[in-house]
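Trainee: Sharing start-v1.cif (mmCIF, N, CA and C atoms) below.
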```
data_my_file
#
loop_
_atom_site.group_PDB
_atom_site.id
_atom_site.type_symbol
_atom_site.label_atom_id
_atom_site.label_comp_id
_atom_site.auth_asym_id
_atom_site.auth_seq_id
_atom_site.Cartn_x
_atom_site.Cartn_y
_atom_site.Cartn_z
ATOM 1 N N MET A 1 108.280 91.062 95.352
ATOM 2 C CA MET A 1 107.436 92.099 95.875
ATOM 3 C C MET A 1 106.872 91.646 97.205
ATOM 4 N N SER A 2 106.886 92.549 98.179
ATOM 5 C CA SER A 2 106.275 92.263 99.469
ATOM 6 C C SER A 2 105.561 93.514 99.968
ATOM 7 N N VAL A 3 104.484 93.278 100.706
ATOM 8 C CA VAL A 3 103.712 94.374 101.287
ATOM 9 C C VAL A 3 103.439 94.032 102.744
ATOM 10 N N THR A 4 103.671 94.996 103.618
ATOM 11 C CA THR A 4 103.413 94.839 105.039
ATOM 12 C C THR A 4 102.419 95.906 105.471
ATOM 13 N N VAL A 5 101.450 95.500 106.265
ATOM 14 C CA VAL A 5 100.429 96.411 106.775
ATOM 15 C C VAL A 5 100.404 96.279 108.285
ATOM 16 N N ALA A 6 100.338 97.408 108.986
ATOM 17 C CA ALA A 6 100.199 97.401 110.443
ATOM 18 C C ALA A 6 99.036 98.313 110.814
ATOM 19 N N ARG A 7 98.231 97.848 111.761
ATOM 20 C CA ARG A 7 97.118 98.642 112.260
ATOM 21 C C ARG A 7 97.346 98.873 113.741
ATOM 22 N N SER A 8 97.324 100.145 114.153
ATOM 23 C CA SER A 8 97.533 100.511 115.553
ATOM 24 C C SER A 8 96.303 101.235 116.062
ATOM 25 N N GLY A 9 96.109 101.147 117.364
ATOM 26 C CA GLY A 9 95.009 101.881 117.978
ATOM 27 C C GLY A 9 93.903 100.954 118.417
ATOM 28 N N GLY A 10 92.689 101.460 118.362
ATOM 29 C CA GLY A 10 91.552 100.689 118.828
ATOM 30 C C GLY A 10 91.439 100.734 120.335
ATOM 31 N N ILE A 11 90.571 99.930 120.879
ATOM 32 C CA ILE A 11 90.283 99.950 122.310
ATOM 33 C C ILE A 11 91.530 99.655 123.135
ATOM 34 N N ALA A 12 92.285 98.648 122.748
ATOM 35 C CA ALA A 12 93.459 98.244 123.526
ATOM 36 C C ALA A 12 94.730 98.962 123.099
ATOM 37 N N GLY A 13 94.689 99.690 122.003
ATOM 38 C CA GLY A 13 95.872 100.392 121.533
ATOM 39 C C GLY A 13 96.960 99.468 121.011
ATOM 40 N N MET A 14 96.585 98.266 120.642
ATOM 41 C CA MET A 14 97.558 97.278 120.181
ATOM 42 C C MET A 14 97.862 97.469 118.699
ATOM 43 N N THR A 15 99.000 96.916 118.286
ATOM 44 C CA THR A 15 99.390 96.916 116.877
ATOM 45 C C THR A 15 99.317 95.493 116.352
ATOM 46 N N ARG A 16 98.659 95.338 115.206
ATOM 47 C CA ARG A 16 98.606 94.057 114.497
ATOM 48 C C ARG A 16 99.307 94.234 113.172
ATOM 49 N N ARG A 17 100.010 93.199 112.726
ATOM 50 C CA ARG A 17 100.749 93.251 111.467
ATOM 51 C C ARG A 17 100.357 92.089 110.567
ATOM 52 N N TRP A 18 100.345 92.398 109.274
ATOM 53 C CA TRP A 18 100.112 91.389 108.249
ATOM 54 C C TRP A 18 101.150 91.610 107.153
ATOM 55 N N ALA A 19 101.572 90.534 106.521
ATOM 56 C CA ALA A 19 102.533 90.650 105.424
ATOM 57 C C ALA A 19 102.145 89.672 104.330
ATOM 58 N N ALA A 20 102.424 90.073 103.110
ATOM 59 C CA ALA A 20 102.154 89.220 101.955
ATOM 60 C C ALA A 20 103.246 89.439 100.924
ATOM 61 N N ALA A 21 103.546 88.390 100.212
ATOM 62 C CA ALA A 21 104.497 88.472 99.100
ATOM 63 C C ALA A 21 103.790 87.985 97.847
ATOM 64 N N ALA A 22 104.084 88.634 96.746
ATOM 65 C CA ALA A 22 103.479 88.232 95.476
ATOM 66 C C ALA A 22 103.988 86.853 95.108
ATOM 67 N N PRO A 23 103.091 85.964 94.713
ATOM 68 C CA PRO A 23 103.555 84.652 94.272
ATOM 69 C C PRO A 23 104.392 84.796 93.000
ATOM 70 N N PRO A 24 105.371 83.936 92.801
ATOM 71 C CA PRO A 24 106.254 84.074 91.643
ATOM 72 C C PRO A 24 105.514 84.151 90.310
ATOM 73 N N GLY A 25 104.383 83.478 90.188
ATOM 74 C CA GLY A 25 103.670 83.465 88.912
ATOM 75 C C GLY A 25 102.689 84.605 88.713
ATOM 76 N N ASP A 26 102.492 85.470 89.733
ATOM 77 C CA ASP A 26 101.473 86.509 89.616
ATOM 78 C C ASP A 26 101.905 87.830 90.256
ATOM 79 N N PRO A 27 103.036 88.384 89.859
ATOM 80 C CA PRO A 27 103.418 89.667 90.446
ATOM 81 C C PRO A 27 102.582 90.834 89.914
ATOM 82 N N GLN A 28 101.944 90.665 88.753
ATOM 83 C CA GLN A 28 101.195 91.772 88.138
ATOM 84 C C GLN A 28 100.025 92.226 89.012
ATOM 85 N N THR A 29 99.332 91.280 89.619
ATOM 86 C CA THR A 29 98.192 91.638 90.465
ATOM 87 C C THR A 29 98.635 92.524 91.615
ATOM 88 N N TRP A 30 99.697 92.135 92.296
ATOM 89 C CA TRP A 30 100.186 92.910 93.431
ATOM 90 C C TRP A 30 100.796 94.233 92.987
ATOM 91 N N THR A 31 101.490 94.219 91.868
ATOM 92 C CA THR A 31 102.059 95.464 91.344
ATOM 93 C C THR A 31 100.952 96.466 91.060
ATOM 94 N N ARG A 32 99.859 95.998 90.458
ATOM 95 C CA ARG A 32 98.721 96.878 90.164
ATOM 96 C C ARG A 32 98.125 97.441 91.453
ATOM 97 N N LEU A 33 97.930 96.587 92.468
ATOM 98 C CA LEU A 33 97.371 97.050 93.743
ATOM 99 C C LEU A 33 98.247 98.137 94.375
ATOM 100 N N VAL A 34 99.557 97.926 94.341
ATOM 101 C CA VAL A 34 100.490 98.902 94.920
ATOM 102 C C VAL A 34 100.510 100.184 94.104
ATOM 103 N N ASP A 35 100.563 100.058 92.782
ATOM 104 C CA ASP A 35 100.653 101.239 91.921
ATOM 105 C C ASP A 35 99.403 102.116 91.962
ATOM 106 N N GLU A 36 98.252 101.544 92.275
ATOM 107 C CA GLU A 36 97.012 102.321 92.307
ATOM 108 C C GLU A 36 96.909 103.212 93.544
ATOM 109 N N CYS A 37 97.731 102.980 94.543
ATOM 110 C CA CYS A 37 97.684 103.789 95.766
ATOM 111 C C CYS A 37 98.431 105.107 95.567
ATOM 112 N N PRO A 38 97.900 106.201 96.131
ATOM 113 C CA PRO A 38 98.540 107.521 95.971
ATOM 114 C C PRO A 38 99.697 107.736 96.956
ATOM 115 N N TRP A 39 100.792 107.024 96.729
ATOM 116 C CA TRP A 39 101.948 107.087 97.630
ATOM 117 C C TRP A 39 102.503 108.493 97.754
ATOM 118 N N ASP A 40 102.523 109.243 96.678
ATOM 119 C CA ASP A 40 103.126 110.580 96.712
ATOM 120 C C ASP A 40 102.342 111.534 97.608
ATOM 121 N N GLN A 41 101.116 111.230 97.930
ATOM 122 C CA GLN A 41 100.333 112.074 98.822
ATOM 123 C C GLN A 41 100.597 111.749 100.290
ATOM 124 N N CYS A 42 101.293 110.644 100.546
ATOM 125 C CA CYS A 42 101.524 110.201 101.920
ATOM 126 C C CYS A 42 102.973 110.295 102.348
ATOM 127 N N GLY A 43 103.846 110.633 101.453
ATOM 128 C CA GLY A 43 105.265 110.669 101.784
ATOM 129 C C GLY A 43 105.887 109.317 101.530
ATOM 130 N N ASP A 44 107.156 109.297 101.206
ATOM 131 C CA ASP A 44 107.832 108.062 100.846
ATOM 132 C C ASP A 44 109.094 107.848 101.673
ATOM 133 N N ASP A 45 109.292 108.661 102.703
ATOM 134 C CA ASP A 45 110.550 108.586 103.430
ATOM 135 C C ASP A 45 110.379 108.286 104.907
ATOM 136 N N GLY A 46 109.204 107.813 105.300
ATOM 137 C CA GLY A 46 108.968 107.544 106.707
ATOM 138 C C GLY A 46 108.449 108.752 107.458
ATOM 139 N N ALA A 47 108.539 109.941 106.878
ATOM 140 C CA ALA A 47 108.034 111.143 107.546
ATOM 141 C C ALA A 47 106.524 111.085 107.704
ATOM 142 N N ALA A 48 105.845 110.374 106.813
ATOM 143 C CA ALA A 48 104.392 110.263 106.900
ATOM 144 C C ALA A 48 103.988 109.602 108.212
ATOM 145 N N ALA A 49 104.731 108.598 108.630
ATOM 146 C CA ALA A 49 104.402 107.930 109.883
ATOM 147 C C ALA A 49 104.534 108.888 111.057
ATOM 148 N N ALA A 50 105.556 109.703 111.030
ATOM 149 C CA ALA A 50 105.736 110.683 112.097
ATOM 150 C C ALA A 50 104.607 111.701 112.096
ATOM 151 N N ARG A 51 104.202 112.159 110.921
ATOM 152 C CA ARG A 51 103.097 113.120 110.841
ATOM 153 C C ARG A 51 101.808 112.521 111.375
ATOM 154 N N ALA A 52 101.554 111.262 111.070
ATOM 155 C CA ALA A 52 100.305 110.627 111.490
ATOM 156 C C ALA A 52 100.236 110.486 113.006
ATOM 157 N N THR A 53 101.360 110.278 113.653
ATOM 158 C CA THR A 53 101.330 110.077 115.098
ATOM 159 C C THR A 53 101.459 111.377 115.869
ATOM 160 N N THR A 54 101.961 112.444 115.244
ATOM 161 C CA THR A 54 102.135 113.693 115.978
ATOM 162 C C THR A 54 101.074 114.728 115.641
ATOM 163 N N SER A 55 100.336 114.550 114.567
ATOM 164 C CA SER A 55 99.291 115.500 114.227
ATOM 165 C C SER A 55 98.058 115.200 115.060
ATOM 166 N N ALA A 56 97.068 116.047 114.950
ATOM 167 C CA ALA A 56 95.847 115.886 115.733
ATOM 168 C C ALA A 56 95.217 114.534 115.455
ATOM 169 N N PRO A 57 94.786 113.846 116.494
ATOM 170 C CA PRO A 57 94.181 112.534 116.295
ATOM 171 C C PRO A 57 92.841 112.654 115.583
ATOM 172 N N PRO A 58 92.399 111.597 114.929
ATOM 173 C CA PRO A 58 91.103 111.644 114.278
ATOM 174 C C PRO A 58 89.998 111.775 115.310
ATOM 175 N N ARG A 59 88.874 112.310 114.890
ATOM 176 C CA ARG A 59 87.753 112.490 115.806
ATOM 177 C C ARG A 59 87.170 111.135 116.183
ATOM 178 N N GLY A 60 86.787 111.007 117.434
ATOM 179 C CA GLY A 60 86.174 109.779 117.915
ATOM 180 C C GLY A 60 87.171 108.910 118.649
ATOM 181 N N ALA A 61 86.645 108.155 119.585
ATOM 182 C CA ALA A 61 87.504 107.286 120.387
ATOM 183 C C ALA A 61 87.872 106.024 119.620
ATOM 184 N N ASP A 62 88.974 105.452 120.002
ATOM 185 C CA ASP A 62 89.375 104.126 119.532
ATOM 186 C C ASP A 62 89.556 104.028 118.023
ATOM 187 N N ARG A 63 90.085 105.056 117.413
ATOM 188 C CA ARG A 63 90.335 105.036 115.974
ATOM 189 C C ARG A 63 91.645 104.317 115.684
ATOM 190 N N PHE A 64 91.736 103.794 114.467
ATOM 191 C CA PHE A 64 92.947 103.098 114.035
ATOM 192 C C PHE A 64 93.803 103.998 113.160
ATOM 193 N N THR A 65 95.089 103.715 113.135
ATOM 194 C CA THR A 65 95.995 104.259 112.131
ATOM 195 C C THR A 65 96.618 103.058 111.432
ATOM 196 N N TRP A 66 96.937 103.245 110.171
ATOM 197 C CA TRP A 66 97.484 102.182 109.340
ATOM 198 C C TRP A 66 98.846 102.598 108.821
ATOM 199 N N SER A 67 99.795 101.675 108.834
ATOM 200 C CA SER A 67 101.100 101.861 108.204
ATOM 201 C C SER A 67 101.204 100.826 107.092
ATOM 202 N N VAL A 68 101.582 101.285 105.915
ATOM 203 C CA VAL A 68 101.696 100.396 104.762
ATOM 204 C C VAL A 68 103.097 100.557 104.189
ATOM 205 N N GLU A 69 103.751 99.432 103.925
ATOM 206 C CA GLU A 69 105.073 99.463 103.305
ATOM 207 C C GLU A 69 105.097 98.436 102.184
ATOM 208 N N ALA A 70 105.538 98.871 101.016
ATOM 209 C CA ALA A 70 105.643 97.972 99.863
ATOM 210 C C ALA A 70 107.059 98.040 99.304
ATOM 211 N N VAL A 71 107.604 96.884 99.009
ATOM 212 C CA VAL A 71 108.915 96.783 98.367
ATOM 213 C C VAL A 71 108.685 96.080 97.035
ATOM 214 N N VAL A 72 108.972 96.807 95.970
ATOM 215 C CA VAL A 72 108.738 96.285 94.624
ATOM 216 C C VAL A 72 110.078 96.065 93.947
ATOM 217 N N GLY A 73 110.314 94.843 93.523
ATOM 218 C CA GLY A 73 111.511 94.534 92.749
ATOM 219 C C GLY A 73 112.822 94.860 93.426
ATOM 220 N N GLY A 74 112.904 94.752 94.734
ATOM 221 C CA GLY A 74 114.145 95.015 95.439
ATOM 222 C C GLY A 74 114.504 96.487 95.545
ATOM 223 N N GLY A 75 113.598 97.381 95.127
ATOM 224 C CA GLY A 75 113.853 98.816 95.225
ATOM 225 C C GLY A 75 113.649 99.331 96.635
ATOM 226 N N SER A 76 113.704 100.629 96.766
ATOM 227 C CA SER A 76 113.477 101.261 98.062
ATOM 228 C C SER A 76 112.029 101.065 98.488
ATOM 229 N N PRO A 77 111.807 100.884 99.777
ATOM 230 C CA PRO A 77 110.434 100.706 100.242
ATOM 231 C C PRO A 77 109.608 101.980 100.056
ATOM 232 N N ARG A 78 108.357 101.777 99.726
ATOM 233 C CA ARG A 78 107.395 102.873 99.679
ATOM 234 C C ARG A 78 106.591 102.770 100.965
ATOM 235 N N ARG A 79 106.436 103.900 101.666
ATOM 236 C CA ARG A 79 105.764 103.884 102.960
ATOM 237 C C ARG A 79 104.647 104.915 102.999
ATOM 238 N N ALA A 80 103.605 104.549 103.722
ATOM 239 C CA ALA A 80 102.497 105.483 103.937
ATOM 240 C C ALA A 80 101.937 105.262 105.328
ATOM 241 N N ALA A 81 101.521 106.329 105.976
ATOM 242 C CA ALA A 81 100.824 106.269 107.251
ATOM 243 C C ALA A 81 99.462 106.906 107.031
ATOM 244 N N LEU A 82 98.425 106.185 107.386
ATOM 245 C CA LEU A 82 97.065 106.616 107.095
ATOM 246 C C LEU A 82 96.222 106.611 108.353
ATOM 247 N N ARG A 83 95.380 107.609 108.466
ATOM 248 C CA ARG A 83 94.362 107.580 109.503
ATOM 249 C C ARG A 83 93.245 106.673 109.023
ATOM 250 N N GLU A 84 92.410 106.263 109.938
ATOM 251 C CA GLU A 84 91.333 105.317 109.609
ATOM 252 C C GLU A 84 90.484 105.799 108.436
ATOM 253 N N GLY A 85 90.113 107.072 108.420
ATOM 254 C CA GLY A 85 89.277 107.597 107.343
ATOM 255 C C GLY A 85 89.984 107.680 106.001
ATOM 256 N N ASP A 86 91.316 107.692 106.017
ATOM 257 C CA ASP A 86 92.082 107.760 104.774
ATOM 258 C C ASP A 86 92.343 106.379 104.177
ATOM 259 N N ALA A 87 92.066 105.334 104.943
ATOM 260 C CA ALA A 87 92.294 103.964 104.475
ATOM 261 C C ALA A 87 91.072 103.499 103.684
ATOM 262 N N SER A 88 90.848 104.158 102.556
ATOM 263 C CA SER A 88 89.705 103.834 101.708
ATOM 264 C C SER A 88 90.173 103.774 100.261
ATOM 265 N N GLY A 89 89.273 103.409 99.368
ATOM 266 C CA GLY A 89 89.610 103.333 97.941
ATOM 267 C C GLY A 89 90.728 102.343 97.699
ATOM 268 N N PRO A 90 91.755 102.746 96.926
ATOM 269 C CA PRO A 90 92.847 101.814 96.617
ATOM 270 C C PRO A 90 93.632 101.372 97.854
ATOM 271 N N TRP A 91 93.703 102.242 98.853
ATOM 272 C CA TRP A 91 94.382 101.835 100.099
ATOM 273 C C TRP A 91 93.636 100.676 100.749
ATOM 274 N N ARG A 92 92.307 100.790 100.842
ATOM 275 C CA ARG A 92 91.517 99.727 101.468
ATOM 276 C C ARG A 92 91.647 98.432 100.675
ATOM 277 N N THR A 93 91.661 98.531 99.346
ATOM 278 C CA THR A 93 91.807 97.343 98.502
ATOM 279 C C THR A 93 93.135 96.655 98.786
ATOM 280 N N LEU A 94 94.219 97.420 98.877
ATOM 281 C CA LEU A 94 95.539 96.856 99.159
ATOM 282 C C LEU A 94 95.584 96.269 100.572
ATOM 283 N N ILE A 95 95.092 97.002 101.551
ATOM 284 C CA ILE A 95 95.090 96.527 102.943
ATOM 285 C C ILE A 95 94.325 95.212 103.057
ATOM 286 N N ASP A 96 93.142 95.176 102.469
ATOM 287 C CA ASP A 96 92.331 93.959 102.543
ATOM 288 C C ASP A 96 92.999 92.792 101.834
ATOM 289 N N ALA A 97 93.659 93.042 100.706
ATOM 290 C CA ALA A 97 94.350 91.978 99.974
ATOM 291 C C ALA A 97 95.499 91.415 100.800
ATOM 292 N N VAL A 98 96.243 92.268 101.485
ATOM 293 C CA VAL A 98 97.354 91.795 102.325
ATOM 294 C C VAL A 98 96.819 90.983 103.488
ATOM 295 N N ARG A 99 95.784 91.492 104.134
ATOM 296 C CA ARG A 99 95.211 90.766 105.271
ATOM 297 C C ARG A 99 94.665 89.409 104.835
ATOM 298 N N GLU A 100 94.004 89.360 103.697
ATOM 299 C CA GLU A 100 93.464 88.107 103.192
ATOM 300 C C GLU A 100 94.579 87.121 102.840
ATOM 301 N N ALA A 101 95.614 87.608 102.172
ATOM 302 C CA ALA A 101 96.735 86.748 101.794
ATOM 303 C C ALA A 101 97.446 86.208 103.049
ATOM 304 N N ALA A 102 97.620 87.058 104.046
ATOM 305 C CA ALA A 102 98.281 86.615 105.278
ATOM 306 C C ALA A 102 97.447 85.568 106.008
ATOM 307 N N ALA A 103 96.130 85.730 105.984
ATOM 308 C CA ALA A 103 95.260 84.778 106.676
ATOM 309 C C ALA A 103 95.240 83.422 105.973
ATOM 310 N N SER A 104 95.419 83.423 104.668
ATOM 311 C CA SER A 104 95.349 82.167 103.932
ATOM 312 C C SER A 104 96.705 81.498 103.733
ATOM 313 N N SER A 105 97.775 82.151 104.149
ATOM 314 C CA SER A 105 99.105 81.527 103.978
ATOM 315 C C SER A 105 99.359 80.540 105.106
ATOM 316 N N PRO A 106 100.045 79.437 104.800
ATOM 317 C CA PRO A 106 100.343 78.449 105.844
ATOM 318 C C PRO A 106 101.314 79.022 106.857
ATOM 319 N N ARG A 107 101.170 78.608 108.059
ATOM 320 C CA ARG A 107 102.040 79.110 109.136
ATOM 321 C C ARG A 107 103.158 78.149 109.422
#
```
Could you take the file, read its structure, and then write that structure out as structure tokens?
Mentor:
Amino acid sequence: MSVTVARSGGIAGMTRRWAAAAPPGDPQTWTRLVDECPWDQCGDDGAAAARATTSAPPRGADRFTWSVEAVVGGGSPRRAALREGDASGPWRTLIDAVREAAASSPR
């Protein structure tokens, strides 16, 4: 299992990426984090990313958009594109877990 998160936008309009893979002894934790997210509401075929970038931007300057991709058990990737305000609840939990795992992994 692997999860990749990208954040675009902000003052400089830059994209940052984080990636994490479930450790061999603990795939259940990551599976639960991925399964709790409402993927079916965001699209699963990459069209969500296109909608997020072509639809009206969120209100306020320097907002972020998030792209999340999870590959579970070698299956097809699940993808979601989220505006800053939509990156809450289970999405925020997953995003934060990936960022934390990426920061603590050796380089």
Trainee: So the first atom is CA of Val68 (chain A) and the second is atom N of Thr29 (chain A); what is the distance between them in Å, to one decimal place?
Mentor: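 Between CA of Val68 (chain A) and atom N of Thr29 (chain A) the gap works out to 17.8 Å.
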Trainee: In Å, rounded to a single decimal, give me how far CA of Gly25 (chain A) is from CA of Asp40 (chain A).
Mentor: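 Result for CA of Asp40 (chain A) versus CA of Gly25 (chain A): 28.2 Å, one decimal.
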Trainee: Here is a test: counting all atoms listed in the file, which residue of A:Ala80, A:Met1, A:Ala6, A:Ala12 is nearest to Trp39 (chain A)?
Mentor: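 Of A:Ala80, A:Met1, A:Ala6, A:Ala12, the one nearest Trp39 (chain A), counting all atoms listed in the file, is A:Ala80.
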Trainee: Would you translate the PyMOL selection byres (((chain A and resi 71 and name CA) around 6) and name CA) into the concrete set of residues it matches in this file, as an NGL selection string?
Mentor: :A and (1-2 or 70 or 72 or 77)
Trainee: Print the selection's residues with N, CA and C atoms to a file, as a PDB file, keeping the file's coordinate frame.
Mentor:
```pdb
ATOM      1  N   MET A   1     108.280  91.062  95.352  1.00  0.00           N
ATOM      2  CA  MET A   1     107.436  92.099  95.875  1.00  0.00           C
ATOM      3  C   MET A   1     106.872  91.646  97.205  1.00  0.00           C
ATOM      4  N   SER A   2     106.886  92.549  98.179  1.00  0.00           N
ATOM      5  CA  SER A   2     106.275  92.263  99.469  1.00  0.00           C
ATOM      6  C   SER A   2     105.561  93.514  99.968  1.00  0.00           C
ATOM      7  N   ALA A  70     105.538  98.871 101.016  1.00  0.00           N
ATOM      8  CA  ALA A  70     105.643  97.972  99.863  1.00  0.00           C
ATOM      9  C   ALA A  70     107.059  98.040  99.304  1.00  0.00           C
ATOM     10  N   VAL A  72     108.972  96.807  95.970  1.00  0.00           N
ATOM     11  CA  VAL A  72     108.738  96.285  94.624  1.00  0.00           C
ATOM     12  C   VAL A  72     110.078  96.065  93.947  1.00  0.00           C
ATOM     13  N   PRO A  77     111.807 100.884  99.777  1.00  0.00           N
ATOM     14  CA  PRO A  77     110.434 100.706 100.242  1.00  0.00           C
ATOM     15  C   PRO A  77     109.608 101.980 100.056  1.00  0.00           C
TER      16      PRO A  77
END
```
Trainee: Which residues are close to Arg63 (chain A), i.e. within 8 Å by only N, CA and C atoms, leaving aside same-chain residues fewer than 5 positions away? Reply as an NGL selection string.
Mentor: :A and (8-11 or 58 or 83-85)
Trainee: Take the PyMOL selection byres (((chain A and resi 105 and name CA) around 12) and name CA), run it mentally on this structure, and tell me the resulting residues as a list in words.
Mentor: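 Residues picked by the PyMOL selection byres (((chain A and resi 105 and name CA) around 12) and name CA): Trp18, Ala19, Ala20, Ala21, Ala22, Pro23, Val98, Arg99, Glu100, Ala101, Ala102, Ala103, Ser104, Pro106 and Arg107 of chain A.
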Trainee: Those selected residues, please, written with N, CA and C atoms and delivered as a PDB file, keeping the file's coordinate frame.
Mentor:
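To be explicit, this is the file written out as out_6.pdb:
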```
ATOM      1  N   TRP A  18     100.345  92.398 109.274  1.00  0.00           N
ATOM      2  CA  TRP A  18     100.112  91.389 108.249  1.00  0.00           C
ATOM      3  C   TRP A  18     101.150  91.610 107.153  1.00  0.00           C
ATOM      4  N   ALA A  19     101.572  90.534 106.521  1.00  0.00           N
ATOM      5  CA  ALA A  19     102.533  90.650 105.424  1.00  0.00           C
ATOM      6  C   ALA A  19     102.145  89.672 104.330  1.00  0.00           C
ATOM      7  N   ALA A  20     102.424  90.073 103.110  1.00  0.00           N
ATOM      8  CA  ALA A  20     102.154  89.220 101.955  1.00  0.00           C
ATOM      9  C   ALA A  20     103.246  89.439 100.924  1.00  0.00           C
ATOM     10  N   ALA A  21     103.546  88.390 100.212  1.00  0.00           N
ATOM     11  CA  ALA A  21     104.497  88.472  99.100  1.00  0.00           C
ATOM     12  C   ALA A  21     103.790  87.985  97.847  1.00  0.00           C
ATOM     13  N   ALA A  22     104.084  88.634  96.746  1.00  0.00           N
ATOM     14  CA  ALA A  22     103.479  88.232  95.476  1.00  0.00           C
ATOM     15  C   ALA A  22     103.988  86.853  95.108  1.00  0.00           C
ATOM     16  N   PRO A  23     103.091  85.964  94.713  1.00  0.00           N
ATOM     17  CA  PRO A  23     103.555  84.652  94.272  1.00  0.00           C
ATOM     18  C   PRO A  23     104.392  84.796  93.000  1.00  0.00           C
ATOM     19  N   VAL A  98      96.243  92.268 101.485  1.00  0.00           N
ATOM     20  CA  VAL A  98      97.354  91.795 102.325  1.00  0.00           C
ATOM     21  C   VAL A  98      96.819  90.983 103.488  1.00  0.00           C
ATOM     22  N   ARG A  99      95.784  91.492 104.134  1.00  0.00           N
ATOM     23  CA  ARG A  99      95.211  90.766 105.271  1.00  0.00           C
ATOM     24  C   ARG A  99      94.665  89.409 104.835  1.00  0.00           C
ATOM     25  N   GLU A 100      94.004  89.360 103.697  1.00  0.00           N
ATOM     26  CA  GLU A 100      93.464  88.107 103.192  1.00  0.00           C
ATOM     27  C   GLU A 100      94.579  87.121 102.840  1.00  0.00           C
ATOM     28  N   ALA A 101      95.614  87.608 102.172  1.00  0.00           N
ATOM     29  CA  ALA A 101      96.735  86.748 101.794  1.00  0.00           C
ATOM     30  C   ALA A 101      97.446  86.208 103.049  1.00  0.00           C
ATOM     31  N   ALA A 102      97.620  87.058 104.046  1.00  0.00           N
ATOM     32  CA  ALA A 102      98.281  86.615 105.278  1.00  0.00           C
ATOM     33  C   ALA A 102      97.447  85.568 106.008  1.00  0.00           C
ATOM     34  N   ALA A 103      96.130  85.730 105.984  1.00  0.00           N
ATOM     35  CA  ALA A 103      95.260  84.778 106.676  1.00  0.00           C
ATOM     36  C   ALA A 103      95.240  83.422 105.973  1.00  0.00           C
ATOM     37  N   SER A 104      95.419  83.423 104.668  1.00  0.00           N
ATOM     38  CA  SER A 104      95.349  82.167 103.932  1.00  0.00           C
ATOM     39  C   SER A 104      96.705  81.498 103.733  1.00  0.00           C
ATOM     40  N   PRO A 106     100.045  79.437 104.800  1.00  0.00           N
ATOM     41  CA  PRO A 106     100.343  78.449 105.844  1.00  0.00           C
ATOM     42  C   PRO A 106     101.314  79.022 106.857  1.00  0.00           C
ATOM     43  N   ARG A 107     101.170  78.608 108.059  1.00  0.00           N
ATOM     44  CA  ARG A 107     102.040  79.110 109.136  1.00  0.00           C
ATOM     45  C   ARG A 107     103.158  78.149 109.422  1.00  0.00           C
TER      46      ARG A 107
END
```
Trainee: Could you work out an axis-aligned bounding box for all listed atoms of region 92-102 of chain A, with 6 Å added on each of the six sides, and give its centre and edge lengths in Å to one decimal, as JSON?
Mentor:
```
{"center_x": 94.9, "center_y": 93.2, "center_z": 102.3, "size_x": 18.8, "size_y": 27.2, "size_z": 19.5}
```
Trainee: Please write as a ChimeraX atom specification the full residue list that the PyMOL selection byres ((chain A and resi 7) around 6) yields on this file.
Mentor: /A:5-6,8-9,14-17,65-67
Trainee: To one decimal in Å, tell me the separation between CA of Cys42 (chain A) and CA of Ala81 (chain A).
Mentor: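 One can read the CA of Cys42 (chain A) to CA of Ala81 (chain A) distance as 6.7 Å.
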Trainee: Do a neighbour search on Pro90 (chain A) at 8 Å with only N, CA and C atoms, toss out local chain neighbours closer than 3 positions, and write the hits as a PyMOL selection string.
Mentor: chain A and resi 33-34+36-38+87+93-96
Trainee: Restricting the calculation to only C-alpha atoms, which member of A:Ser88, A:Thr31, A:Phe64, A:Glu69 is positioned closest to Thr4 (chain A)?
Mentor: A:Glu69
